[in-house]
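Structure file data.csv (CSV, C-alpha atoms) follows.
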```csv
chain,number,residue,atom,x,y,z
A,1,MET,CA,12.0,4.0,-19.6
A,2,HIS,CA,14.8,6.6,-19.2
A,3,ARG,CA,12.3,9.3,-20.0
A,4,TYR,CA,11.1,8.7,-16.4
A,5,ALA,CA,14.6,8.7,-14.9
A,6,ASN,CA,14.4,12.4,-14.7
A,7,PRO,CA,13.2,13.4,-11.1
A,8,SER,CA,11.8,16.8,-12.2
A,9,ARG,CA,9.6,15.0,-14.8
A,10,VAL,CA,8.4,12.7,-12.1
A,11,MET,CA,7.6,15.7,-9.9
A,12,ARG,CA,5.5,17.2,-12.7
A,13,LEU,CA,3.8,13.9,-13.4
A,14,SER,CA,3.0,13.6,-9.7
A,15,ARG,CA,1.5,17.1,-9.5
A,16,LEU,CA,-0.6,16.4,-12.6
A,17,LEU,CA,-1.9,12.9,-11.6
A,18,VAL,CA,-2.3,13.1,-7.8
A,19,PRO,CA,-5.6,15.1,-7.7
A,20,TRP,CA,-7.2,12.8,-10.3
A,21,LEU,CA,-6.0,9.7,-8.5
A,22,GLY,CA,-7.4,11.0,-5.2
A,23,ALA,CA,-10.8,11.6,-6.8
A,24,ALA,CA,-10.9,8.2,-8.5
A,25,THR,CA,-9.9,6.5,-5.3
A,26,ALA,CA,-12.8,8.2,-3.4
A,27,VAL,CA,-15.4,7.4,-6.0
A,28,LEU,CA,-14.3,3.8,-6.5
A,29,ILE,CA,-14.1,3.0,-2.8
A,30,ALA,CA,-17.4,4.8,-2.0
A,31,ALA,CA,-19.2,2.7,-4.7
A,32,GLY,CA,-17.4,-0.4,-3.6
A,33,VAL,CA,-18.3,0.0,0.0
A,34,TYR,CA,-21.9,0.7,-0.9
A,35,LEU,CA,-22.2,-2.5,-3.0
A,36,ALA,CA,-20.2,-4.5,-0.4
A,37,LEU,CA,-22.2,-3.5,2.6
A,38,VAL,CA,-25.7,-2.8,1.2
A,39,ALA,CA,-26.3,-3.9,-2.3
A,40,SER,CA,-24.7,-7.3,-2.4
A,41,PRO,CA,-26.3,-10.5,-1.1
A,42,ALA,CA,-25.3,-12.4,2.0
A,43,ASP,CA,-23.5,-15.7,1.4
A,44,TYR,CA,-25.7,-18.9,1.6
A,45,GLN,CA,-23.2,-20.5,4.0
A,46,GLN,CA,-21.3,-17.6,5.6
A,47,GLY,CA,-24.2,-15.2,6.0
A,48,GLU,CA,-23.3,-11.5,6.4
A,49,SER,CA,-19.7,-12.3,7.5
A,50,VAL,CA,-18.8,-12.7,3.8
A,51,ARG,CA,-18.8,-8.9,3.5
A,52,ILE,CA,-15.3,-9.0,5.1
A,53,MET,CA,-14.1,-10.5,1.8
A,54,TYR,CA,-14.5,-7.1,0.1
A,55,VAL,CA,-11.7,-5.6,2.1
A,56,HIS,CA,-9.7,-8.8,2.9
A,57,VAL,CA,-9.2,-10.1,-0.6
A,58,PRO,CA,-8.3,-6.7,-2.3
A,59,ALA,CA,-5.9,-6.0,0.6
A,60,ALA,CA,-4.2,-9.3,0.1
A,61,TRP,CA,-4.0,-8.8,-3.7
A,62,MET,CA,-2.4,-5.4,-3.1
A,63,ALA,CA,0.0,-6.8,-0.5
A,64,MET,CA,1.4,-9.1,-3.3
A,65,PHE,CA,1.1,-6.5,-6.0
A,66,CYS,CA,3.1,-4.0,-3.9
A,67,TYR,CA,5.8,-6.6,-3.2
A,68,ALA,CA,6.1,-7.3,-6.9
A,69,VAL,CA,6.6,-3.6,-7.5
A,70,LEU,CA,9.0,-3.4,-4.7
A,71,ALA,CA,11.1,-6.2,-6.1
A,72,GLY,CA,10.9,-5.0,-9.7
A,73,ALA,CA,11.8,-1.4,-8.8
A,74,SER,CA,14.7,-2.7,-6.6
A,75,ALA,CA,16.0,-4.8,-9.5
A,76,VAL,CA,15.9,-1.8,-11.9
A,77,GLY,CA,17.6,0.3,-9.2
A,78,LEU,CA,20.4,-2.3,-8.6
A,79,ILE,CA,21.1,-3.1,-12.3
A,80,TRP,CA,20.7,0.3,-14.0
A,81,LYS,CA,21.3,2.6,-10.9
A,82,HIS,CA,18.0,4.2,-11.8
A,83,PRO,CA,17.5,6.8,-9.1
A,84,VAL,CA,13.7,7.1,-9.5
A,85,ALA,CA,13.3,3.3,-9.3
A,86,GLU,CA,15.2,3.2,-6.0
A,87,LEU,CA,12.9,5.9,-4.6
A,88,ALA,CA,9.8,4.2,-6.0
A,89,ALA,CA,10.7,1.0,-4.2
A,90,LYS,CA,11.3,2.9,-0.9
A,91,ALA,CA,8.0,4.8,-1.3
A,92,THR,CA,6.1,1.5,-2.0
A,93,ALA,CA,7.3,-0.4,1.1
A,94,PRO,CA,5.0,1.3,3.8
A,95,ILE,CA,2.0,1.0,1.5
A,96,GLY,CA,2.6,-2.7,0.9
A,97,ALA,CA,3.2,-3.2,4.7
A,98,SER,CA,-0.1,-1.5,5.4
A,99,PHE,CA,-2.1,-3.7,3.0
A,100,THR,CA,-0.4,-6.8,4.3
A,101,PHE,CA,-1.3,-5.8,7.9
A,102,LEU,CA,-4.9,-5.3,6.8
A,103,ALA,CA,-5.0,-8.6,5.0
A,104,LEU,CA,-3.8,-10.4,8.2
A,105,LEU,CA,-6.1,-8.4,10.5
A,106,THR,CA,-9.3,-8.7,8.4
A,107,GLY,CA,-8.5,-12.4,7.7
A,108,SER,CA,-8.3,-12.9,11.4
A,109,LEU,CA,-11.6,-11.2,11.9
A,110,TRP,CA,-13.1,-13.4,9.3
A,111,GLY,CA,-11.4,-16.6,10.5
A,112,LYS,CA,-12.8,-16.3,14.1
A,113,PRO,CA,-16.5,-16.7,13.1
A,114,MET,CA,-16.0,-19.0,10.1
A,115,TRP,CA,-13.1,-21.3,11.3
A,116,GLY,CA,-13.5,-20.8,15.0
A,117,THR,CA,-10.0,-19.4,15.4
A,118,TRP,CA,-8.2,-16.1,15.0
A,119,TRP,CA,-5.1,-17.7,13.6
A,120,VAL,CA,-3.7,-21.0,12.4
A,121,TRP,CA,-0.2,-21.8,11.2
A,122,ASP,CA,-1.3,-23.0,7.8
A,123,ALA,CA,0.8,-22.3,4.7
A,124,ARG,CA,-1.2,-19.4,3.4
A,125,LEU,CA,-1.4,-17.5,6.7
A,126,THR,CA,2.2,-18.2,7.6
A,127,SER,CA,3.6,-17.1,4.2
A,128,VAL,CA,1.6,-13.8,4.4
A,129,LEU,CA,3.0,-13.2,7.8
A,130,ILE,CA,6.5,-13.7,6.4
A,131,LEU,CA,5.5,-11.1,3.7
A,132,PHE,CA,4.7,-8.7,6.4
A,133,PHE,CA,8.1,-9.3,8.1
A,134,LEU,CA,9.8,-8.9,4.7
A,135,TYR,CA,8.3,-5.4,4.4
A,136,LEU,CA,9.3,-4.5,7.9
A,137,GLY,CA,12.8,-5.9,7.3
A,138,TYR,CA,13.1,-3.9,4.1
A,139,MET,CA,12.2,-0.6,5.8
A,140,ALA,CA,14.5,-1.3,8.8
A,141,LEU,CA,17.5,-2.2,6.6
A,142,HIS,CA,16.9,0.8,4.4
A,143,SER,CA,17.3,3.1,7.4
A,144,ALA,CA,20.1,1.1,9.1
A,145,PHE,CA,23.0,2.7,7.3
A,146,ASP,CA,24.4,6.3,7.6
A,147,ASP,CA,25.0,6.3,3.9
A,148,PRO,CA,21.5,6.2,2.2
A,149,ALA,CA,23.0,4.6,-0.9
A,150,ARG,CA,24.3,1.6,1.0
A,151,GLY,CA,21.0,1.2,2.8
A,152,ALA,CA,19.1,1.3,-0.5
A,153,ARG,CA,21.4,-1.4,-1.9
A,154,ALA,CA,21.2,-3.7,1.1
A,155,ALA,CA,17.4,-3.3,1.2
A,156,ALA,CA,17.1,-3.9,-2.6
A,157,ILE,CA,19.0,-7.2,-2.3
A,158,MET,CA,16.8,-8.3,0.5
A,159,ALA,CA,13.6,-7.4,-1.5
A,160,LEU,CA,14.9,-9.5,-4.4
A,161,VAL,CA,15.7,-12.6,-2.2
A,162,GLY,CA,12.3,-12.2,-0.5
A,163,PHE,CA,10.4,-12.3,-3.8
A,164,VAL,CA,10.5,-16.1,-3.8
A,165,ASN,CA,7.8,-15.8,-1.1
A,166,VAL,CA,5.3,-14.3,-3.6
A,167,PRO,CA,4.6,-17.4,-5.7
A,168,ILE,CA,4.7,-19.4,-2.5
A,169,ILE,CA,1.8,-17.3,-1.2
A,170,LYS,CA,-0.1,-17.6,-4.4
A,171,PHE,CA,0.2,-21.4,-4.7
A,172,SER,CA,0.3,-22.2,-1.0
A,173,VAL,CA,-3.4,-23.1,-1.1
A,174,ASP,CA,-2.8,-25.7,-3.9
A,175,TRP,CA,0.6,-27.1,-2.8
A,176,TRP,CA,-0.4,-27.7,0.9
A,177,TYR,CA,-3.5,-28.7,2.7
A,178,THR,CA,-4.6,-25.4,4.1
A,179,LEU,CA,-7.6,-24.2,6.1
A,180,HIS,CA,-7.6,-21.2,3.8
A,181,GLN,CA,-9.8,-21.7,0.8
A,182,PRO,CA,-8.2,-21.8,-2.8
A,183,ALA,CA,-8.5,-19.1,-5.4
A,184,SER,CA,-12.0,-18.3,-6.7
A,185,VAL,CA,-11.3,-15.3,-8.9
A,186,PHE,CA,-7.8,-15.6,-10.5
A,187,ARG,CA,-7.9,-19.3,-11.5
A,188,LEU,CA,-7.9,-21.4,-14.6
A,189,GLY,CA,-11.4,-21.6,-16.0
A,190,GLY,CA,-12.4,-18.2,-14.7
A,191,PRO,CA,-14.0,-16.9,-11.5
A,192,THR,CA,-16.4,-19.1,-9.6
A,193,ILE,CA,-18.2,-16.3,-7.7
A,194,ASP,CA,-21.4,-14.6,-8.8
A,195,ALA,CA,-21.4,-11.2,-10.5
A,196,SER,CA,-23.2,-9.7,-7.6
A,197,MET,CA,-20.2,-10.4,-5.5
A,198,LEU,CA,-17.6,-9.9,-8.2
A,199,TRP,CA,-18.7,-6.3,-8.8
A,200,PRO,CA,-18.0,-4.9,-5.3
A,201,LEU,CA,-14.8,-7.0,-5.2
A,202,GLY,CA,-13.6,-5.5,-8.5
A,203,LEU,CA,-14.5,-1.9,-7.4
A,204,MET,CA,-12.7,-2.2,-4.1
A,205,ALA,CA,-9.6,-3.7,-5.9
A,206,ALA,CA,-9.7,-0.9,-8.4
A,207,GLY,CA,-10.0,1.7,-5.6
A,208,PHE,CA,-7.1,0.1,-3.7
A,209,THR,CA,-5.0,0.2,-6.9
A,210,THR,CA,-5.7,3.9,-7.5
A,211,TYR,CA,-5.1,4.5,-3.7
A,212,TYR,CA,-1.6,2.9,-4.1
A,213,LEU,CA,-0.8,5.0,-7.2
A,214,TYR,CA,-2.1,8.1,-5.4
A,215,VAL,CA,0.0,7.6,-2.2
A,216,VAL,CA,3.1,6.2,-3.9
A,217,LEU,CA,3.3,9.4,-6.1
A,218,LEU,CA,3.0,11.6,-3.0
A,219,ARG,CA,5.7,9.6,-1.2
A,220,LEU,CA,7.9,9.6,-4.3
A,221,ARG,CA,7.6,13.4,-4.4
A,222,ALA,CA,8.6,13.6,-0.7
A,223,GLU,CA,11.6,11.3,-1.4
A,224,ILE,CA,12.8,13.4,-4.4
A,225,VAL,CA,12.5,16.7,-2.4
A,226,ALA,CA,14.3,15.0,0.6
A,227,GLY,CA,17.2,14.2,-1.9
A,228,LYS,CA,17.3,17.8,-3.1
A,229,ILE,CA,17.5,19.0,0.5
A,230,ARG,CA,20.3,16.6,1.3
A,231,ALA,CA,22.3,17.8,-1.8
A,232,LEU,CA,21.8,21.5,-0.9
A,233,ARG,CA,22.9,20.9,2.7
A,234,LEU,CA,26.0,19.2,1.5
A,235,ARG,CA,26.8,22.1,-0.8
A,236,GLN,CA,26.1,24.5,2.1
A,237,VAL,CA,28.6,22.6,4.4
A,238,HIS,CA,31.3,22.2,1.8
A,239,GLY,CA,30.9,25.8,0.5
B,1,MET,CA,-34.3,4.0,6.4
B,2,GLU,CA,-36.5,2.9,9.3
B,3,THR,CA,-34.9,2.4,12.7
B,4,GLY,CA,-35.8,-1.3,12.4
B,5,SER,CA,-34.0,-1.8,9.1
B,6,LEU,CA,-31.1,0.3,10.3
B,7,SER,CA,-30.6,-1.9,13.4
B,8,ILE,CA,-30.9,-5.0,11.2
B,9,PHE,CA,-28.2,-3.5,8.9
B,10,LEU,CA,-25.9,-2.7,11.8
B,11,ALA,CA,-26.4,-6.1,13.4
B,12,MET,CA,-24.9,-7.7,10.2
B,13,GLY,CA,-26.8,-11.0,10.8
B,14,GLY,CA,-24.9,-11.5,14.1
B,15,TYR,CA,-21.5,-10.8,12.7
B,16,ALA,CA,-21.3,-7.1,13.6
B,17,ALA,CA,-18.4,-7.7,15.9
B,18,TYR,CA,-16.3,-8.9,13.0
B,19,VAL,CA,-17.6,-7.0,9.9
B,20,TRP,CA,-17.5,-3.5,11.4
B,21,PRO,CA,-14.0,-3.7,12.9
B,22,ALA,CA,-12.7,-5.1,9.5
B,23,PHE,CA,-14.0,-2.1,7.6
B,24,ALA,CA,-13.1,0.4,10.4
B,25,ALA,CA,-9.5,-0.9,10.6
B,26,THR,CA,-9.2,-0.6,6.8
B,27,ALA,CA,-10.4,3.0,6.9
B,28,VAL,CA,-8.1,3.9,9.8
B,29,VAL,CA,-5.0,2.4,8.3
B,30,LEU,CA,-5.5,3.7,4.7
B,31,ILE,CA,-6.6,7.2,5.8
B,32,GLY,CA,-3.8,7.4,8.4
B,33,LEU,CA,-1.1,6.5,5.8
B,34,LEU,CA,-2.5,9.0,3.4
B,35,VAL,CA,-2.5,11.8,6.0
B,36,ILE,CA,1.1,11.0,7.0
B,37,SER,CA,2.2,11.0,3.4
B,38,VAL,CA,0.5,14.3,2.6
B,39,ARG,CA,2.1,15.9,5.7
B,40,ASP,CA,5.5,14.6,4.7
B,41,VAL,CA,5.4,16.1,1.3
B,42,ARG,CA,4.2,19.5,2.6
B,43,CYS,CA,6.9,19.6,5.3
B,44,ARG,CA,9.7,18.7,3.0
B,45,GLU,CA,8.6,21.1,0.2
B,46,ALA,CA,8.4,23.9,2.8
B,47,ASP,CA,11.9,22.9,4.1
B,48,LEU,CA,13.3,23.0,0.5
B,49,LEU,CA,11.9,26.5,-0.1
B,50,ARG,CA,13.3,27.8,3.2
B,51,LEU,CA,16.7,26.3,2.5
B,52,ARG,CA,16.8,27.8,-1.0
B,53,ALA,CA,15.8,31.2,0.4
B,54,GLU,CA,18.6,30.9,3.0
B,55,MET,CA,21.2,30.1,0.4
B,56,ARG,CA,20.1,33.0,-1.8
B,57,GLU,CA,20.6,35.4,1.1
B,58,ASP,CA,24.0,33.9,2.0
B,59,ARG,CA,25.2,34.5,-1.6
B,60,ARG,CA,23.9,38.1,-1.6
B,61,GLU,CA,25.6,39.2,1.7
B,62,PRO,CA,29.2,39.4,0.6
B,63,THR,CA,28.4,41.2,-2.7
B,64,GLY,CA,26.3,43.7,-0.8
B,65,GLU,CA,29.3,44.6,1.4
B,66,ALA,CA,31.8,44.9,-1.4
```

Would you mind giving the structure from this file in structure tokens?
Amino acid sequence: MHRYANPSRVMRLSRLLVPWLGAATAVLIAAGVYLALVASPADYQQGESVRIMYVHVPAAWMAMFCYAVLAGASAVGLIWKHPVAELAAKATAPIGASFTFLALLTGSLWGKPMWGTWWVWDARLTSVLILFFLYLGYMALHSAFDDPARGARAAAIMALVGFVNVPIIKFSVDWWYTLHQPASVFRLGGPTIDASMLWPLGLMAAGFTTYYLYVVLLRLRAEIVAGKIRALRLRQVHG
Amino acid sequence: METGSLSIFLAMGGYAAYVWPAFAATAVVLIGLLVISVRDVRCREADLLRLRAEMREDRREPTGEA
């Protein structure tokens, strides 16, 4: 792990991987959107509205995946003072917030025609809304201190405490009576949806994952460069 | 694609008002975040180069006079 503690190694890795990740993202999402909108069947109950699933479900998976990365990287940053882990957590937060926002928005657009309402305060929807606020709180706390190291520490502690929300989101549909349906892909006994719908879902999820890696490496590079600029300015001021 | 089948496709079985905004919002948010991130990297890398050039000049000046 300490092989990756070196920021210049991360910069090199980022330069090498970013073009490939960008290309993979474009191909996966293009194929996923084609299957999602054109080549997959309408649902026998939900009709064409089921196509919203192909952006809603991967966005919701990524919302939780990004939070797990945020909390994991924050823990590594707190315990081992690992500089790249701290920056990776900071770089992940806006991406996770974007996916969470999209999960909420597309869920609302799906809920209106299927449930007859844009929003209900059931356990799944409420816990995802809390996830969104956790991301916003993390970003606000990070920039609330003059000393960036103190901001990073406070935000990392908040990210760890907030991690308790992730299993609550996952199991909310089993623990409480919710309007939101239970899991149909990641469940004991395997997926219950047909291959013709599983394929576009899988391609979109893969595309969103490479998108995350693509954008997080770009943002990580921006953070490392910003750190170098800060260090040089300090040296300039103090002679 | 015929105009007939295109308009059927666009109508999304009556759910056009929900399906298209969901896909459009996803595109706008993901592309927007990507554009912001790329611009950030470019700006900061340019700043770093400028700062390094400045500091090199500062160091040269006194030796040039001596």

Spatial neighbours of Trp115 of chain A, max dist 12 Å, only C-alpha atoms, sep filter under 3 positions, as a VMD selection string = chain A and resid 46 49 107 to 112 118 to 120 178 to 181

Save the residues we just selected, C-alpha atoms, as an mmCIF file, in the coordinates of the input?
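Saved the output as part-v7.cif:
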```
data_model
loop_
_atom_site.group_PDB
_atom_site.id
_atom_site.type_symbol
_atom_site.label_atom_id
_atom_site.label_comp_id
_atom_site.auth_asym_id
_atom_site.auth_seq_id
_atom_site.Cartn_x
_atom_site.Cartn_y
_atom_site.Cartn_z
ATOM 1 C CA GLN A 46 -21.300 -17.600 5.600
ATOM 2 C CA SER A 49 -19.700 -12.300 7.500
ATOM 3 C CA GLY A 107 -8.500 -12.400 7.700
ATOM 4 C CA SER A 108 -8.300 -12.900 11.400
ATOM 5 C CA LEU A 109 -11.600 -11.200 11.900
ATOM 6 C CA TRP A 110 -13.100 -13.400 9.300
ATOM 7 C CA GLY A 111 -11.400 -16.600 10.500
ATOM 8 C CA LYS A 112 -12.800 -16.300 14.100
ATOM 9 C CA TRP A 118 -8.200 -16.100 15.000
ATOM 10 C CA TRP A 119 -5.100 -17.700 13.600
ATOM 11 C CA VAL A 120 -3.700 -21.000 12.400
ATOM 12 C CA THR A 178 -4.600 -25.400 4.100
ATOM 13 C CA LEU A 179 -7.600 -24.200 6.100
ATOM 14 C CA HIS A 180 -7.600 -21.200 3.800
ATOM 15 C CA GLN A 181 -9.800 -21.700 0.800
#
```

With all atoms listed in the file as the basis for distance, which of A:Val76, A:Ala155, A:Val50, A:Val161 is at the shortest distance from Ser143 of chain A?
-> A:Ala155

Residue list for chain A near chain B as a VMD selection string, 8 Å, all atoms listed in the file | chain A and resid 47 to 49 51 to 52 55 95 98 102 105 to 106 109 to 110 113 215 218 to 219 221 to 222 225 to 226 228 to 229 232 236

Can you tell me, as a list in words, which residues sit within 12 Å of (-12.1, -6.1, -10.9) in the file's frame, using all atoms listed in the file?
-> Leu28, Gly32, Tyr54, Val57, Pro58, Trp61, Val185, Phe186, Pro191, Ala195, Met197, Leu198, Trp199, Pro200, Leu201, Gly202, Leu203, Met204, Ala205, Ala206, Gly207, Phe208 and Thr209 of chain A

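With all atoms listed in the file as the atoms that count, the residue of A:Ser127, A:Ser8, A:Ser14, A:Thr192 with the shortest distance to Lys170 of chain A is A:Ser127.
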
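Taking all atoms listed in the file into account, the protein, DNA and RNA residues within 12 Å of (11.5, -2.4, 9.0) read A:Lys90, A:Ala93, A:Pro94, A:Ala97, A:Leu131, A:Phe132, A:Phe133, A:Leu134, A:Tyr135, A:Leu136, A:Gly137, A:Tyr138, A:Met139, A:Ala140, A:Leu141, A:His142, A:Ser143, A:Ala144, A:Gly151, A:Ala155, A:Met158, A:Ala159.
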
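Counting from atom CA of Leu234 of chain A, the distance to atom CA of Ile157 of chain A is 27.6 Å.
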
If you measure from atom CA of Arg230 of chain A to atom CA of Pro148 of chain A, what distance in Å do you get, rounded to one decimal?
-> 10.5 Å

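Here atom CA of Met11 of chain A and atom CA of Leu87 of chain A stand 12.3 Å from one another.
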